[in-house]
Amino acid sequence: MTTTHALFLAEDLTLTLGQREVEAATSGQAQIRIEFAGVCGSDLHVLRTGDWVSTWPAVLGHEIIGVVTECPGGELGIGTRVVVDSRVPCDQCEGCESAANLCENLAWVGEIVPGGYETHAVFPVTSLHPCPPELEPGIGVLAEPLAVAMHGVLRIHEPADTALILGYGPIGALVHAEIQRLWPECEVSVREPLAQRQSLAESFGADTHPQQGRWPLVIDAAGYPTSLADAVDLTVHGGSVLAIAIPHGPVTLDAQGLVERSIALIGSVGFCDELPEAISVLADNPERYRALVTEAVLLEEAAERLTTMNTNPAAGKVVIRL
């Protein structure tokens, strides 16, 4: 067994540092020493509400990169750097027959099993994706959210010459990066109220003060109470809305306008098989993504920073360095 240092979320939603014993990896599993774990908007939602957690205390964090320390079956060499597949499908429903992200009972690392806010953890070998040796772990930690962005953009029916992104948090920034990679001629505008995020968007070529109008493609990467309705209102006749942010509550849409204006509403959750490609893209062009990681905090500092992120959000991605 290995003693891991972890950040625990209690059922009363308090955060404390502590330790737990991690069982030794068995056949088909590997233990990894976690190097970085990203903070996702869904983690912040869990911190506020306790939603989705099945076992308390919880160790959150599903954006994980680390190094293999045990692998009894030999599928992965000791010292191999890996990214963790965050999905935990049930493997029993009709959705799973199509793709893991379509599981009707889909759960996530950090909610149903301990996640990345700890120094060591054990995962199935099938959930671990090796990284090229040259990939820096501080960049590779973006692989999971980049795969989410890739999957969302791939669900768009056809390329657009202009696009509007609502919200320039990490997922909005990664969607922007993916649009630039796939459709370099597409002109991207951003609506984002935070000045530091506006500056980040501008540094990557986005127009953060667009004129009034409508766009052929609008991406809801914000998830505020009226963001999806706003996205529909801002879409041209025959255009598309990509909903990639998770709204934390009911939303109201102009369904008549959606129909009469022939707007395609596209939902996207998680990713399918994009994780290896995301790792490769980060390894090939790390400088494009480096500026998206704007804060790295130690595990000992994480509780304090996590409790302030809703009122003091970062310009880009916050990661925990283990």
# chains A, B, ... in the order shown; residues from 1 in each chain; ligands from 1
$ closest_atom_pairs --of "segment 203-243 of chain A" --to "segment 137-157 of chain A" --cutoff "12 Å" --atoms "only C-alpha atoms" --output "Markdown table"
| residue | atom | partner | partner_atom | distance |
| --- | --- | --- | --- | --- |
| A:Pro216 | CA | A:Ile156 | CA | 11.1 |
| A:Leu217 | CA | A:Ile156 | CA | 8.7 |
| A:Val218 | CA | A:Ile156 | CA | 10.4 |
| A:Ile219 | CA | A:Val153 | CA | 9.3 |
| A:Asp220 | CA | A:Gly152 | CA | 10.8 |
| A:Ala221 | CA | A:Ala149 | CA | 9.9 |
| A:Gly238 | CA | A:His157 | CA | 11.5 |
| A:Gly239 | CA | A:His157 | CA | 9.9 |
| A:Ser240 | CA | A:Ile156 | CA | 7.5 |
| A:Val241 | CA | A:Ile156 | CA | 8.5 |
| A:Leu242 | CA | A:Ile156 | CA | 7.2 |
| A:Ala243 | CA | A:Gly152 | CA | 8.3 |
$ select_by_dssp --residues "segment 160-272 of chain A" --states "strand (DSSP E or B)" --output "PyMOL selection string"
chain A and resi 162-166+187-191+207+215-220+235-243+264-267
$ atom_distance --atom1 "atom CA of Ser127 of chain A" --atom2 "atom CA of Val84 of chain A"
5.7 Å
$ residues_around --residues "Val39 of chain A" --least-positions-apart "3" --cutoff "9 Å" --atoms "only C-alpha atoms" --output "ChimeraX atom specification"
/A:42-44,60-63,306,317-320
$ closest_residue --among "A:Ala283, A:Val83, A:Ile179, A:Leu253" --to "Glu134 of chain A" --atoms "only C-alpha atoms"
A:Ala283
$ atom_distance --atom1 "atom CA of Thr126 of chain A" --atom2 "atom CA of Leu76 of chain A"
10.3 Å
$ select_by_dssp --residues "segment 86-322 of chain A" --states "alpha helix (DSSP H)" --output "PyMOL selection string"
chain A and resi 94-98+137-140+143-154+170-182+195-203+227-233+255-260+275-284+286-290+299-308
$ atom_distance --atom1 "atom CA of Cys186 of chain A" --atom2 "atom CA of Ala163 of chain A"
7.0 Å
$ residues_around --residues "Leu102 of chain A" --least-positions-apart "6" --cutoff "12 Å" --atoms "only C-alpha atoms" --output "list in words"
Arg87, Val88, Pro89, Cys90, Asp91, Gln92, Cys93, Glu94, Gly95, Cys96, Gly267, Ser268, Val269, Gly270, Phe271 and Cys272 of chain A
$ residues_around --residues "Ile34 of chain A" --least-positions-apart "3" --cutoff "7 Å" --atoms "only C-alpha atoms" --output "tab-separated table (two decimals) with all heavy atoms, in the first residue's frame"
chain	number	residue	atom	x	y	z
A	65	ILE	N	-2.41	14.28	-15.08
A	65	ILE	CA	-1.22	13.73	-15.73
A	65	ILE	C	-0.25	13.29	-14.64
A	65	ILE	O	-0.15	13.92	-13.59
A	65	ILE	CB	-0.56	14.77	-16.67
A	65	ILE	CG1	0.52	14.11	-17.53
A	65	ILE	CG2	-0.02	15.97	-15.91
A	65	ILE	CD1	1.01	14.98	-18.68
A	66	GLY	N	0.41	12.15	-14.89
A	66	GLY	CA	1.34	11.63	-13.89
A	66	GLY	C	2.25	10.57	-14.48
A	66	GLY	O	2.25	10.34	-15.70
A	67	VAL	N	3.01	9.94	-13.61
A	67	VAL	CA	4.03	8.97	-14.01
A	67	VAL	C	3.72	7.62	-13.38
A	67	VAL	O	3.39	7.55	-12.17
A	67	VAL	CB	5.42	9.47	-13.59
A	67	VAL	CG1	6.48	8.41	-13.85
A	67	VAL	CG2	5.78	10.75	-14.33
A	116	GLY	N	-7.65	13.45	-8.94
A	116	GLY	CA	-6.28	13.90	-9.06
A	116	GLY	C	-5.76	14.83	-8.01
A	116	GLY	O	-4.59	15.21	-8.05
A	119	THR	N	-1.52	12.74	-4.28
A	119	THR	CA	-0.19	12.47	-4.83
A	119	THR	C	-0.09	11.15	-5.59
A	119	THR	O	0.73	11.02	-6.50
A	119	THR	CB	0.87	12.49	-3.72
A	119	THR	OG1	0.48	11.56	-2.68
A	119	THR	CG2	1.02	13.88	-3.13
A	120	HIS	N	-0.90	10.15	-5.24
A	120	HIS	CA	-0.87	8.85	-5.89
A	120	HIS	C	-2.30	8.33	-6.06
A	120	HIS	O	-3.16	8.60	-5.21
A	120	HIS	CB	-0.07	7.82	-5.09
A	120	HIS	CG	1.38	8.14	-4.95
A	120	HIS	ND1	1.85	9.06	-4.03
A	120	HIS	CD2	2.48	7.68	-5.62
A	120	HIS	CE1	3.16	9.15	-4.12
A	120	HIS	NE2	3.57	8.32	-5.08
A	322	LEU	N	1.42	18.64	-7.82
A	322	LEU	CA	1.59	17.67	-6.75
A	322	LEU	C	3.07	17.39	-6.47
A	322	LEU	O	3.90	17.60	-7.34
A	322	LEU	CB	0.87	16.36	-7.10
A	322	LEU	CG	-0.66	16.32	-6.95
A	322	LEU	CD1	-1.10	16.60	-5.53
A	322	LEU	CD2	-1.37	17.20	-7.93
$ residues_around --residues "Gly249 of chain A" --least-positions-apart "3" --cutoff "12 Å" --atoms "only C-alpha atoms" --output "ChimeraX atom specification"
/A:45,49,223-228,245-246,252
$ residues_around --residues "Pro286 of chain A" --least-positions-apart "4" --cutoff "8 Å" --atoms "only C-alpha atoms" --output "VMD selection string"
chain A and resid 135 139 281 to 282 290
$ write_last_selection --atoms "N, CA, C and O atoms" --output "compact mmCIF listing (two decimals), in the first residue's frame"
# COMPACT_ATOMS: atom_id res chain seq x y z
N LEU A 135 6.71 15.85 -23.97
CA LEU A 135 5.56 16.62 -23.50
C LEU A 135 5.75 17.00 -22.03
O LEU A 135 5.83 16.14 -21.15
N ILE A 139 1.97 21.23 -19.44
CA ILE A 139 1.18 21.45 -20.65
C ILE A 139 0.26 20.26 -20.88
O ILE A 139 -0.92 20.41 -21.24
N VAL A 281 -1.34 16.85 -30.13
CA VAL A 281 -1.39 18.26 -30.49
C VAL A 281 -0.61 19.10 -29.48
O VAL A 281 0.14 20.02 -29.84
N LEU A 282 -0.76 18.80 -28.20
CA LEU A 282 -0.04 19.55 -27.16
C LEU A 282 1.47 19.33 -27.28
O LEU A 282 2.26 20.25 -27.07
N ARG A 290 0.69 27.12 -23.85
CA ARG A 290 1.37 27.42 -22.57
C ARG A 290 0.69 28.56 -21.82
O ARG A 290 0.52 28.50 -20.59
$ closest_residue --among "A:Asp85, A:Glu287, A:Glu295, A:Asp273" --to "Ser98 of chain A" --atoms "only C-alpha atoms"
A:Asp273
$ closest_residue --among "A:Val190, A:Ile32, A:Val125, A:Leu106" --to "Gly74 of chain A" --atoms "only C-alpha atoms"
A:Val125
$ decode --residues "segment 135-255 of chain A" --atoms "C-alpha atoms" --output "compact mmCIF listing (two decimals), in the first residue's frame"
# COMPACT_ATOMS: atom_id res chain seq x y z
CA LEU A 135 5.56 16.62 -23.50
CA GLU A 136 5.89 18.79 -20.40
CA PRO A 137 3.47 17.70 -17.67
CA GLY A 138 2.46 21.32 -17.06
CA ILE A 139 1.18 21.45 -20.65
CA GLY A 140 -0.01 17.85 -20.86
CA VAL A 141 -2.47 18.45 -18.03
CA LEU A 142 -4.56 20.29 -20.65
CA ALA A 143 -5.11 17.10 -22.67
CA GLU A 144 -8.42 16.13 -21.07
CA PRO A 145 -10.14 19.53 -21.47
CA LEU A 146 -8.61 19.90 -24.94
CA ALA A 147 -10.19 16.57 -25.90
CA VAL A 148 -13.53 17.98 -24.69
CA ALA A 149 -13.04 21.05 -26.91
CA MET A 150 -11.99 18.89 -29.87
CA HIS A 151 -15.07 16.71 -29.56
CA GLY A 152 -17.36 19.73 -29.40
CA VAL A 153 -15.87 21.39 -32.46
CA LEU A 154 -16.02 18.11 -34.42
CA ARG A 155 -19.77 17.99 -33.77
CA ILE A 156 -20.28 21.24 -35.70
CA HIS A 157 -21.81 20.36 -39.04
CA GLU A 158 -19.66 22.58 -41.23
CA PRO A 159 -16.86 25.15 -40.85
CA ALA A 160 -17.85 28.75 -40.25
CA ASP A 161 -16.12 31.88 -41.55
CA THR A 162 -16.98 33.75 -38.35
CA ALA A 163 -17.80 32.50 -34.87
CA LEU A 164 -18.73 33.96 -31.49
CA ILE A 165 -17.65 32.37 -28.21
CA LEU A 166 -19.60 33.25 -25.08
CA GLY A 167 -17.21 32.93 -22.16
CA TYR A 168 -13.43 32.70 -22.28
CA GLY A 169 -12.73 30.46 -19.37
CA PRO A 170 -10.47 27.47 -20.05
CA ILE A 171 -13.00 25.58 -22.18
CA GLY A 172 -13.81 28.66 -24.26
CA ALA A 173 -10.10 29.30 -24.78
CA LEU A 174 -9.51 25.69 -25.84
CA VAL A 175 -12.46 25.78 -28.24
CA HIS A 176 -10.91 28.92 -29.72
CA ALA A 177 -7.57 27.12 -30.10
CA GLU A 178 -9.25 24.20 -31.82
CA ILE A 179 -11.17 26.44 -34.23
CA GLN A 180 -7.90 28.16 -35.09
CA ARG A 181 -6.22 24.80 -35.67
CA LEU A 182 -8.96 23.37 -37.88
CA TRP A 183 -10.28 26.52 -39.56
CA PRO A 184 -7.46 29.08 -39.55
CA GLU A 185 -9.46 31.51 -41.72
CA CYS A 186 -12.34 31.68 -39.23
CA GLU A 187 -12.61 35.07 -37.50
CA VAL A 188 -13.44 34.55 -33.81
CA SER A 189 -15.16 37.05 -31.57
CA VAL A 190 -15.54 36.66 -27.82
CA ARG A 191 -17.96 38.01 -25.26
CA GLU A 192 -16.32 37.84 -21.85
CA PRO A 193 -16.88 40.26 -18.95
CA LEU A 194 -13.57 39.67 -17.11
CA ALA A 195 -10.79 41.99 -18.23
CA GLN A 196 -8.00 39.45 -17.70
CA ARG A 197 -9.81 36.91 -19.86
CA GLN A 198 -10.47 39.53 -22.52
CA SER A 199 -6.72 40.19 -22.62
CA LEU A 200 -6.01 36.48 -22.99
CA ALA A 201 -8.51 36.19 -25.84
CA GLU A 202 -7.03 39.21 -27.58
CA SER A 203 -3.53 37.74 -27.31
CA PHE A 204 -4.79 34.80 -29.38
CA GLY A 205 -6.36 37.02 -32.00
CA ALA A 206 -9.99 37.24 -30.90
CA ASP A 207 -12.10 40.37 -31.20
CA THR A 208 -13.43 41.06 -27.70
CA HIS A 209 -15.50 44.09 -28.65
CA PRO A 210 -17.56 42.82 -31.58
CA GLN A 211 -20.23 44.95 -33.18
CA GLN A 212 -23.87 44.08 -32.72
CA GLY A 213 -25.06 41.37 -35.06
CA ARG A 214 -25.49 37.66 -35.47
CA TRP A 215 -23.05 34.86 -36.23
CA PRO A 216 -23.29 31.62 -38.20
CA LEU A 217 -21.74 29.78 -35.25
CA VAL A 218 -22.12 30.65 -31.58
CA ILE A 219 -20.48 28.60 -28.83
CA ASP A 220 -21.91 28.68 -25.33
CA ALA A 221 -18.82 28.15 -23.21
CA ALA A 222 -20.16 30.29 -20.37
CA GLY A 223 -23.06 28.44 -18.75
CA TYR A 224 -24.57 31.46 -17.00
CA PRO A 225 -28.37 31.31 -16.50
CA THR A 226 -29.30 32.93 -19.83
CA SER A 227 -26.20 32.05 -21.88
CA LEU A 228 -27.89 29.41 -24.03
CA ALA A 229 -30.82 31.70 -24.78
CA ASP A 230 -28.38 34.49 -25.58
CA ALA A 231 -26.47 32.17 -27.91
CA VAL A 232 -29.64 31.34 -29.83
CA ASP A 233 -30.54 35.03 -30.10
CA LEU A 234 -27.07 35.78 -31.49
CA THR A 235 -27.20 33.12 -34.22
CA VAL A 236 -28.14 33.84 -37.84
CA HIS A 237 -30.97 32.05 -39.61
CA GLY A 238 -29.71 28.61 -40.50
CA GLY A 239 -26.76 28.88 -38.12
CA SER A 240 -25.55 26.61 -35.34
CA VAL A 241 -25.22 26.83 -31.57
CA LEU A 242 -22.72 24.59 -29.82
CA ALA A 243 -23.63 24.09 -26.15
CA ILE A 244 -20.48 22.91 -24.40
CA ALA A 245 -20.82 24.59 -20.99
CA ILE A 246 -22.95 22.87 -18.35
CA PRO A 247 -25.73 25.17 -17.11
CA HIS A 248 -26.32 24.59 -13.41
CA GLY A 249 -30.07 25.01 -13.43
CA PRO A 250 -33.06 25.14 -15.79
CA VAL A 251 -32.90 27.39 -18.84
CA THR A 252 -35.58 29.05 -20.94
CA LEU A 253 -35.30 29.14 -24.73
CA ASP A 254 -37.31 30.80 -27.48
CA ALA A 255 -38.32 27.46 -29.00
